[in-house]
>>> print(open('final20.txt').read())   # compact mmCIF, C-alpha atoms and all ligand atoms
# COMPACT_ATOMS: atom_id res chain seq x y z
CA MET R 1 0.62 7.12 -2.76
CA PRO R 2 -1.29 7.13 0.55
CA ASP R 3 -4.68 5.41 0.89
CA LEU R 4 -7.19 8.20 0.16
CA GLY R 5 -10.16 6.24 1.46
CA THR R 6 -13.58 6.08 -0.18
CA PHE R 7 -16.54 8.32 -0.89
CA ASP R 8 -20.00 6.87 -1.35
CA GLY R 9 -18.42 3.41 -1.28
CA LEU R 10 -16.05 4.10 -4.18
CA PRO R 11 -12.30 4.73 -3.99
CA VAL R 12 -10.76 8.19 -4.09
CA TYR R 13 -7.88 8.14 -6.57
CA GLY R 14 -6.59 11.67 -6.31
CA THR R 15 -7.10 15.10 -4.83
CA SER R 16 -6.93 18.69 -5.96
CA ALA R 17 -7.00 22.04 -4.18
CA VAL R 18 -7.59 25.61 -5.21
CA ILE R 19 -6.83 28.68 -3.13
CA GLY R 20 -9.57 31.28 -3.15
CA ALA R 21 -9.39 35.06 -3.40
CA GLY R 22 -8.54 35.29 0.31
CA ALA R 23 -4.88 34.76 -0.62
CA LYS R 24 -4.78 38.15 -2.34
CA LYS R 25 -6.35 39.91 0.63
CA SER R 26 -4.10 38.15 3.16
CA LEU R 27 -0.95 39.04 1.24
CA ALA R 28 -2.06 42.65 0.86
CA GLU R 29 -2.68 42.77 4.62
CA ALA R 30 0.80 41.44 5.36
CA LEU R 31 2.44 43.95 3.01
CA ASP R 32 0.43 46.84 4.48
CA ILE R 33 1.98 46.04 7.84
CA ASP R 34 5.48 45.08 6.64
CA PRO R 35 6.11 46.54 3.19
CA ILE R 36 8.74 44.67 1.20
CA LEU R 37 10.41 46.05 -1.89
CA MET R 38 10.60 43.43 -4.65
CA HIS R 39 12.51 43.54 -7.89
CA ASP R 40 12.02 41.93 -11.25
CA SER R 41 13.01 38.22 -11.20
CA ASP R 42 13.28 38.08 -7.40
CA THR R 43 12.18 34.79 -5.90
CA ILE R 44 9.76 35.36 -3.04
CA CYS R 45 8.55 32.66 -0.65
CA VAL R 46 4.99 33.14 0.57
CA VAL R 47 3.54 30.87 3.24
CA LEU R 48 -0.25 30.64 3.44
CA GLU R 49 -2.26 29.23 6.29
CA CYS R 50 -5.46 27.94 4.72
CA ARG R 51 -8.72 26.53 6.02
CA VAL R 52 -10.48 23.83 4.02
CA ALA R 53 -13.69 25.67 3.11
CA ASP R 54 -15.36 23.27 0.72
CA ILE R 55 -15.04 19.68 -0.46
CA GLY R 56 -16.43 18.14 -3.62
CA HIS R 57 -16.03 14.86 -5.51
CA ARG R 58 -15.76 14.33 -9.25
CA ARG R 59 -15.96 10.97 -11.00
CA LYS R 60 -12.67 9.51 -12.16
CA GLY R 61 -12.87 6.05 -13.71
CA ASP R 62 -14.58 3.76 -11.18
CA GLY R 63 -13.85 6.17 -8.32
CA TRP R 64 -13.44 9.83 -7.51
CA THR R 65 -11.18 12.81 -7.40
CA ARG R 66 -11.67 14.78 -4.20
CA ASN R 67 -11.50 18.54 -4.73
CA HIS R 68 -10.80 20.96 -1.90
CA LYS R 69 -11.32 24.69 -1.81
CA LEU R 70 -8.95 26.51 0.52
CA ASP R 71 -9.43 29.88 2.15
CA ALA R 72 -6.16 31.58 2.93
CA GLU R 73 -6.49 33.25 6.32
CA ILE R 74 -2.88 34.28 6.86
CA ALA R 75 -0.20 35.03 4.30
CA THR R 76 3.35 35.86 5.20
CA ILE R 77 6.54 36.35 3.24
CA VAL R 78 9.31 34.26 4.74
CA ASP R 79 13.07 33.99 4.44
CA PRO R 80 13.63 31.35 1.71
CA ASP R 81 16.01 29.51 4.05
CA THR R 82 13.13 28.59 6.37
CA VAL R 83 11.32 26.66 3.63
CA GLN R 84 14.30 25.68 1.45
CA GLU R 85 14.16 21.99 2.32
CA ALA R 86 10.43 21.69 1.52
CA ILE R 87 10.86 23.61 -1.75
CA GLU R 88 13.82 21.50 -2.87
CA LEU R 89 11.99 18.29 -1.99
CA GLN R 90 9.01 19.36 -4.10
CA ARG R 91 11.27 20.47 -6.97
CA ALA R 92 12.96 17.05 -6.99
CA LYS R 93 9.60 15.22 -6.85
CA ASN R 94 8.18 17.34 -9.68
CA ARG R 95 11.18 16.67 -11.89
CA ARG R 96 10.99 12.95 -11.22
CA ALA R 97 7.24 12.88 -11.98
CA GLU R 98 7.86 14.82 -15.20
CA GLU R 99 10.55 12.35 -16.24
CA ALA R 100 8.24 9.43 -15.47
CA ARG R 101 5.49 11.02 -17.62
CA LYS R 102 7.90 11.41 -20.52
CA GLY R 103 9.15 7.86 -20.00
CA LEU R 104 12.72 9.06 -19.67
CA LYS R 105 15.12 6.53 -18.32
CA GLN R 106 18.07 8.09 -16.60
CA LEU R 107 21.60 6.95 -17.16
CA PRO R 108 23.48 5.73 -14.07
CA GLY R 109 25.86 8.72 -14.34
CA MET R 110 22.99 11.23 -14.05
CA LEU R 111 21.54 9.28 -11.14
CA LEU R 112 24.91 9.34 -9.39
CA GLU R 113 25.12 13.12 -9.81
CA GLU R 114 21.63 13.50 -8.36
CA HIS R 115 22.56 11.23 -5.50
CA ASP R 116 25.67 13.28 -4.75
CA ARG R 117 23.54 16.43 -4.63
CA GLY R 118 21.42 14.73 -1.95
CA GLU R 119 18.24 14.63 -4.04
CA HIS R 120 17.64 10.92 -3.55
CA GLU R 121 17.84 11.21 0.20
CA LEU R 122 15.15 13.89 0.06
CA ILE R 123 12.74 11.79 -1.99
CA ASP R 124 13.62 8.43 -0.43
CA LYS R 125 15.48 5.82 -2.49
CA VAL R 126 15.45 6.01 -6.27
CA ASP R 127 15.11 2.94 -8.49
CA GLY R 128 18.09 2.32 -10.70
CA CYS R 129 20.48 4.40 -8.59
CA PRO R 130 23.57 2.30 -7.87
CA VAL R 131 24.08 3.95 -4.47
CA CYS R 132 20.45 3.73 -3.24
CA PHE R 133 20.18 0.10 -4.38
CA PRO R 134 23.73 -1.28 -4.56
CA ASP R 135 22.67 -4.92 -5.07
CA ALA R 136 19.60 -4.38 -7.23
CA THR R 137 19.55 -5.64 -10.79
CA GLU R 138 15.82 -4.98 -11.32
CA PRO R 139 13.92 -1.83 -10.37
CA ALA R 140 11.47 -2.22 -7.49
CA ALA R 141 7.83 -3.07 -8.30
CA PRO R 142 5.49 -0.08 -8.76
CA PRO R 143 3.37 0.79 -5.73
CA ALA R 144 -0.02 -0.95 -5.42
CA LYS R 145 -3.25 0.90 -6.25
CA PRO R 146 -5.08 2.37 -3.28
CA LYS R 147 -7.34 -0.13 -1.54
CA ARG R 148 -11.02 0.26 -0.81
CA ALA R 149 -10.86 0.60 2.94
CA ALA R 150 -11.81 3.06 5.63
CA ALA R 151 -14.44 5.71 4.99
CA ALA R 152 -13.17 9.06 3.82
CA LYS R 153 -12.15 11.32 6.64
CA LYS R 154 -13.34 14.87 6.69
CA THR R 155 -10.44 17.24 6.57
CA THR R 156 -10.75 20.08 9.01
CA ALA R 157 -7.15 20.55 10.00
CA LYS R 158 -5.45 23.72 9.02
CA LYS R 159 -2.83 23.30 6.41
CA ALA R 160 0.00 25.50 5.43
CA ALA R 161 0.62 25.88 1.76
CA VAL R 162 3.91 27.09 0.42
CA LYS R 163 3.70 29.15 -2.70
CA LYS R 164 6.62 30.38 -4.67
CA GLY R 165 6.06 33.65 -6.40
CA THR R 166 8.05 35.83 -8.73
CA SER R 167 7.68 39.54 -8.37
CA ARG R 168 6.61 41.74 -11.17
CA ALA R 169 7.99 44.82 -9.55
CA ARG R 170 10.13 47.03 -11.72
CA LYS R 171 13.83 47.41 -11.15
CA ARG R 172 14.88 50.75 -9.91
ZN ZN R 201 20.57 7.39 -5.05
>>> encode(input="final20.txt", output="structure tokens", more="lines below")
Ligand SMILES: [Zn+2]
Amino acid sequence: MPDLGTFDGLPVYGTSAVIGAGAKKSLAEALDIDPILMHDSDTICVVLECRVADIGHRRKGDGWTRNHKLDAEIATIVDPDTVQEAIELQRAKNRRAEEARKGLKQLPGMLLEEHDRGEHELIDKVDGCPVCFPDATEPAAPPAKPKRAAAAKKTTAKKAAVKKGTSRARKR
């Protein structure tokens, strides 16, 4: 995990973000200009350009969680191919995090299959995978906790958020 800095002299341990009602308006605007017909169970890729509109901190242990409110200024529906790599990377990370939460230990065969599908390359190397770490007998040490270091930076940069949606349109 990256160093998230400090707020009020205490470490920031995590972040969150919510997208405000502007997302609805931006998407409606895009569809008014370029109507797209969607069908039940379609997978639609929506890219949002958001501005960080508000920042707050909430206590978490001996530090903070930093919460961001995002205003979506532009929404556009894109060809899934243009964001495929980012989506697949996130899907692989989510699955790995879920497995870690459940304390599942993967068998070398499953790890090899994942490796062959290119998932490990996307995430970086995966502990326990015989191809990523051919000589390893022990998994690598867990990453260190974030340090108390530089003051928290104010985020003003525009960020693009990728949102995957499923249409509720009826089949015709
Ligand atoms: Zn691997």
>>> residues_near_ligand(input="final20.txt", ligand="ligand ZN 201 (chain R)", cutoff="6 Å", atoms="only C-alpha atoms and all ligand atoms", output="list of chain:residue names")
R:His115, R:His120, R:Lys125, R:Val126, R:Cys129, R:Val131, R:Cys132
>>> residues_near_point(input="final20.txt", point="(10.0, 36.0, -0.7)", cutoff="8 Å", atoms="all atoms listed in the file", output="list of chain:residue names")
R:Asp42, R:Thr43, R:Ile44, R:Cys45, R:Val46, R:Ile77, R:Val78, R:Asp79, R:Pro80, R:Lys164, R:Gly165
>>> atom_distance(input="final20.txt", atom1="CA of Glu29 in chain R", atom2="CA of Cys50 in chain R")
15.1 Å
>>> closest_residue(input="final20.txt", among="R:Leu112, R:Gly63, R:Leu104, R:Ile74", to="Gly9 in chain R", atoms="only C-alpha atoms")
R:Gly63
>>> atom_distance(input="final20.txt", atom1="CA of Glu73 in chain R", atom2="CA of Lys25 in chain R")
8.8 Å
>>> residues_around(input="final20.txt", residues="range 91-96 of chain R", least_positions_apart="5", cutoff="12 Å", atoms="only C-alpha atoms", output="PyMOL selection string")
chain R and resi 84-86+101-106+111+114-115+117-127+164
>>> atom_distance(input="final20.txt", atom1="CA of Gly22 in chain R", atom2="CA of Ile55 in chain R")
16.9 Å
